[in-house]
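Quick notes on the structure that follows.
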Amino acid sequence: MANKSVIWCDAETLAKDISGKTYIVTGANSGVGLETTRQLVKQGGHVVMACRRVDAGKEAAQSFAGLKGSYEVMQCDLADLQSVRAFVDEFLSSHSHLHGLVCNAGMVSMGNQPVYTKDGLEMTIAVSYFGHFLLTELLLDTLKASAPSRMAILSSVVHAGSPKNRYKVNLDDLNFRQRKYNNFAAYGEAKVASVLYAMELAERLEGTGVTTYSLHPGWARSNFGGDGLLMNVMRVLFLPFRNSWTNSNEESAQTSLHCMLSDDAPLHSGAYFSQHSILYRDKECRKGGWPMESPNPHAKDMAMAKALVKKSYEIVGPASSKRIQPRS
Ligand SMILES: NC(=O)c1ccc[n+]([C@@H]2O[C@H](COP(=O)([O-])OP(=O)(O)OC[C@H]3O[C@@H](n4cnc5c(N)ncnc54)[C@H](OP(=O)(O)O)[C@@H]3O)[C@@H](O)[C@H]2O)c1
């Protein structure tokens with residue numbers, strides 16, 4: 001049964017011929033990223049699938065056979081800043097244009113102790129935010145040279161928190177070195193950082209023809225959360241509401257596709273776009289919106305966004321595609 005609450009791209013957006021345009025989608029081998037990639041390829045685009053596991057990317061891409069566009073799979077581990085730099089070097093060695101960058105990959109650490117990347121960053125924020133921050137900054141010149149072009153970063157309903165507990169980025173301890181770790185809070189903070197980054201970047205890029213977006217894709221029936229106990233319990237508990245509360249991966253790709261392809265999205269650069277979601281604690285947000293206002297004031301604070309970008313540069317090092325040791 002179709003989910004009536006889903007916001008779909010309009011027919012014109014999904015029929016656009018994007019032949020000759022190049023896109024990067026991170027985490028393109030699974031879930032929302034795979035379906036975003038499939039539609040871009042279907043419409044004639046060339047998609048560089050930036051995957052942590054190249055084999056998984058190649059296997060998933062076999063299902064694109066017969067579609068109008070093309071794809072290639074390149075290795076990119078967002079939990080490794082050197083890997084992000086190496087990916088950009090490889091991309092730029094064979095591509096001079098980039099029309100759309102979908103910063104889609106994400107994960108949440110499942111333990112109650114922080115896991116640190118080899119750069120010394122907390123894993124959840126490293127993959128969702130820092131890796132994408134570096135990737136985007138390294139590709140800004142190419143995006144500008146390809147304008148009109150777009151960048152979208154996947155946030156989550158979780159960034160909104162609740163009226164009593166709004167997540168905010170903790171600039172003094174982004175990587176949970178000095179405070180008690182909570183994996184859900186790490187995810188929420190990473191997703192606030194994503195909303196702030198798209199907002200800051202939109203202001204920085206005003207007039208360049210490059211537009212930016214953050215988004216919540218919906219409650220996707222993807223591989224998110226893996227096979228952890230919590231996720232399995234949730235799957236069983238929510239089974240009766242599966243069709244009305246959750247979304248197929250195709251439905252969950254709609255918001256990314258709207259941001260990448262619609263004529264309307266560039267009128268709202270820097271904004272937050274959301275699929276419907278029962279998980280908003282603020283009831284008025286549950287129907288979603290393209291765009292919609294985040295209920296979290298900390299995700300709309302431009303001074304915080306600028307401070308976050310400054311801090312992020314201190315952490316990831318300069319945005320030069322030459323290999324440079326990160327500072328953790
Ligand atoms: N599922 C939901 O309900 C939901 C709700 C709100 C927001 N989101 C966001 O939507 C995005 C897509 O998630 P999904 O639901 O499609 O989940 P998914 O099926 O688990 O896909 C996540 C993707 O991220 C990749 N990834 C994980 N760690 C990586 C790393 N270190 N480097 C590069 N790629 C990495 C995964 O690669 P591997 O296959 O190699 O692990 C996979 O391709 C995420 O940003 C997530 O936070 C999801």
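Letters for chains follow the order of the structure tokens (A, B, ...), residue numbers begin at 1 for each chain, and ligand numbers begin at 1 in the order shown.
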Find the nearest atom pair between each residue of chain A and ligand 1 for residues within 7 Å, count only C-alpha atoms and all ligand atoms, give distances in Å to one decimal, sort rows by chain and ascending number, and present the table as CSV.
residue,atom,partner,partner_atom_place_in_ligand_line,distance
A:Thr26,CA,ligand 1,34 (N),6.2
A:Gly27,CA,ligand 1,43 (O),3.2
A:Ala28,CA,ligand 1,43 (O),5.3
A:Asn29,CA,ligand 1,43 (O),4.7
A:Ser30,CA,ligand 1,19 (O),4.4
A:Gly31,CA,ligand 1,16 (O),3.5
A:Val32,CA,ligand 1,16 (O),3.8
A:Gly33,CA,ligand 1,16 (O),5.5
A:Cys51,CA,ligand 1,33 (C),5.4
A:Arg52,CA,ligand 1,33 (C),4.2
A:Arg53,CA,ligand 1,40 (O),4.9
A:Ala56,CA,ligand 1,39 (O),7.0
A:Cys76,CA,ligand 1,33 (C),5.7
A:Asp77,CA,ligand 1,32 (N),3.7
A:Leu78,CA,ligand 1,32 (N),3.8
A:Ala79,CA,ligand 1,31 (N),4.3
A:Asn104,CA,ligand 1,45 (O),4.8
A:Ala105,CA,ligand 1,24 (O),3.4
A:Gly106,CA,ligand 1,45 (O),3.5
A:Met107,CA,ligand 1,27 (C),5.3
A:Val127,CA,ligand 1,31 (N),5.3
A:Ser128,CA,ligand 1,45 (O),6.1
A:Leu154,CA,ligand 1,45 (O),4.9
A:Ser155,CA,ligand 1,7 (C),5.7
A:Ser156,CA,ligand 1,6 (C),4.0
A:Val157,CA,ligand 1,6 (C),6.0
A:His216,CA,ligand 1,6 (C),5.5
A:Pro217,CA,ligand 1,6 (C),5.6
A:Gly218,CA,ligand 1,5 (C),5.4
A:Trp219,CA,ligand 1,3 (O),3.4
A:Ala220,CA,ligand 1,3 (O),3.8
A:Arg221,CA,ligand 1,1 (N),6.1
A:Ser222,CA,ligand 1,19 (O),4.2
A:Asn223,CA,ligand 1,19 (O),3.7
A:Phe224,CA,ligand 1,20 (O),3.4
A:Gly225,CA,ligand 1,20 (O),6.3
A:Gly226,CA,ligand 1,20 (O),6.6
Fewer than 5 positions away in the same chain doesn't count, so skip those; otherwise give me all residues within 10 Å of Asn112 in chain A, counting only C-alpha atoms, as a list of chain:residue names.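 Neighbouring residues, sequence-local ones excluded: A:Lys180, A:Tyr181, A:Asn182, A:Asn183, A:Phe184.
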As a PyMOL selection string, list the residues of range 42-234 of chain A assigned to alpha helix (DSSP H) by DSSP on the backbone atoms of this structure. chain A and resi 42+54-61+81-94+123-125+131-145+183-204+229-234
Please, what distance in Å, to one decimal, runs between CA of Ala198 in chain A and CA of Glu90 in chain A?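 For CA of Ala198 in chain A relative to CA of Glu90 in chain A, the distance reads 24.8 Å.
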Which residues, written as a ChimeraX atom specification, have at least one atom at most 9 Å from Leu215 in chain A, with only C-alpha atoms counted and residues fewer than 2 positions away on the same chain left out? /A:152-157,194-195,213,217,255-256,259,271-275,290-291
Tyr280 in chain A surroundings by only C-alpha atoms, 8 Å radius, close-in-sequence under 5 positions cut, as a count of residues only: 7
Using only C-alpha atoms, what does the table of range 179-260 of chain A residues within 10 Å of range 12-20 of chain A look like, with each row giving the shortest atom pair and its distance in Å to one decimal, sorted by chain and ascending number, as CSV?
residue,atom,partner,partner_atom,distance
A:Gln254,CA,A:Leu14,CA,9.5
A:Leu257,CA,A:Leu14,CA,8.2
A:His258,CA,A:Thr13,CA,7.3
A:Met260,CA,A:Thr13,CA,9.5
File dump, residues just selected, N, CA and C atoms, as a PDB file, in the first residue's frame:
ATOM      1  N   GLN A 254      13.567  10.846  -2.590  1.00  0.00           N
ATOM      2  CA  GLN A 254      12.871  11.954  -3.259  1.00  0.00           C
ATOM      3  C   GLN A 254      13.399  13.337  -2.842  1.00  0.00           C
ATOM      4  N   LEU A 257      16.645  14.064  -4.467  1.00  0.00           N
ATOM      5  CA  LEU A 257      16.448  14.289  -5.908  1.00  0.00           C
ATOM      6  C   LEU A 257      15.835  15.673  -6.152  1.00  0.00           C
ATOM      7  N   HIS A 258      14.900  16.056  -5.285  1.00  0.00           N
ATOM      8  CA  HIS A 258      14.317  17.401  -5.411  1.00  0.00           C
ATOM      9  C   HIS A 258      15.410  18.467  -5.282  1.00  0.00           C
ATOM     10  N   MET A 260      18.603  18.123  -5.860  1.00  0.00           N
ATOM     11  CA  MET A 260      19.559  18.053  -6.981  1.00  0.00           C
ATOM     12  C   MET A 260      18.965  18.537  -8.299  1.00  0.00           C
TER      13      MET A 260
END
Atom pair CA of Leu138 in chain A / CA of Leu98 in chain A: separation (Å): 11.9 Å
Residues near Ala202 in chain A, anyone? I mean within 6 Å using only C-alpha atoms, not counting same-chain ones fewer than 5 positions away, as a PyMOL selection string. chain A and resi 212+269-270
Between A:Leu308, A:Ile278, A:Leu67, A:Ala265, single out the one closest to Thr246 in chain A, counting only C-alpha atoms.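 Residue with the minimum atom-to-atom distance to Thr246 in chain A: A:Ile278.
Reported to one decimal place, the separation of CA of Ala319 in chain A from CA of Glu189 in chain A is 23.1 Å.
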Could you give me the residues within range 55-149 of chain A that DSSP places in strand (DSSP E), as a ChimeraX atom specification? /A:70-75,100-103,149
So, counting only C-alpha atoms, which residue among A:Trp245, A:Ser262, A:Glu250, A:Tyr129 is closest to Leu196 in chain A?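 Going through A:Trp245, A:Ser262, A:Glu250, A:Tyr129 one by one, the smallest distance to Leu196 in chain A is for A:Tyr129.
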Using only C-alpha atoms, which of A:Pro114, A:Pro318, A:Gly207, A:Gly44 sits nearest Ala185 in chain A?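 When distances to Ala185 in chain A are compared using only C-alpha atoms, the smallest one comes from A:Pro114.
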Counting only C-alpha atoms, which of A:Gly131, A:Pro148, A:Gly45, A:Gly66 gets nearest to Asp263 in chain A?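 Of all the options, A:Pro148 lies closest to Asp263 in chain A.
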Find the residues around Gln62 in chain A up to 12 Å (only C-alpha atoms counted), leave out those fewer than 6 positions away in its own chain, and share them as a VMD selection string. chain A and resid 29 34 38 55 to 56 70 to 73
Which of these, A:Val192, A:Leu279, A:Val316, A:Leu239, has the shortest distance to His298 in chain A once you count only C-alpha atoms? A:Val192
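Compared by their closest atoms to Val102 in chain A, and using only C-alpha atoms, the residues A:Arg85, A:Ala193, A:Leu140, A:Ala50 rank with A:Ala50 nearest.
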Extract, using only C-alpha atoms, all DNA, RNA and protein residues at most 12 Å from Asp172 in chain A, discarding same-chain residues fewer than 5 positions from it, and format them as a ChimeraX atom specification. /A:177-179,307-308,311-312
Write a file of the just-selected residues containing N, CA and C atoms, as an mmCIF file, in the first residue's frame.
data_model
loop_
_atom_site.group_PDB
_atom_site.id
_atom_site.type_symbol
_atom_site.label_atom_id
_atom_site.label_comp_id
_atom_site.auth_asym_id
_atom_site.auth_seq_id
_atom_site.Cartn_x
_atom_site.Cartn_y
_atom_site.Cartn_z
ATOM 1 N N ARG A 177 35.661 14.067 23.751
ATOM 2 C CA ARG A 177 36.876 13.705 24.492
ATOM 3 C C ARG A 177 36.705 13.976 25.978
ATOM 4 N N GLN A 178 35.875 15.022 26.297
ATOM 5 C CA GLN A 178 35.795 15.444 27.700
ATOM 6 C C GLN A 178 34.419 15.288 28.310
ATOM 7 N N ARG A 179 33.497 14.663 27.615
ATOM 8 C CA ARG A 179 32.156 14.487 28.191
ATOM 9 C C ARG A 179 31.701 13.056 27.999
ATOM 10 N N ALA A 307 31.326 29.658 13.227
ATOM 11 C CA ALA A 307 32.327 29.162 14.192
ATOM 12 C C ALA A 307 32.613 27.681 13.929
ATOM 13 N N LEU A 308 31.584 26.938 13.560
ATOM 14 C CA LEU A 308 31.755 25.506 13.263
ATOM 15 C C LEU A 308 32.662 25.320 12.046
ATOM 16 N N LYS A 311 36.226 26.045 13.026
ATOM 17 C CA LYS A 311 36.740 24.926 13.841
ATOM 18 C C LYS A 311 36.996 23.693 12.966
ATOM 19 N N SER A 312 36.112 23.485 12.002
ATOM 20 C CA SER A 312 36.247 22.305 11.137
ATOM 21 C C SER A 312 37.529 22.399 10.320
#
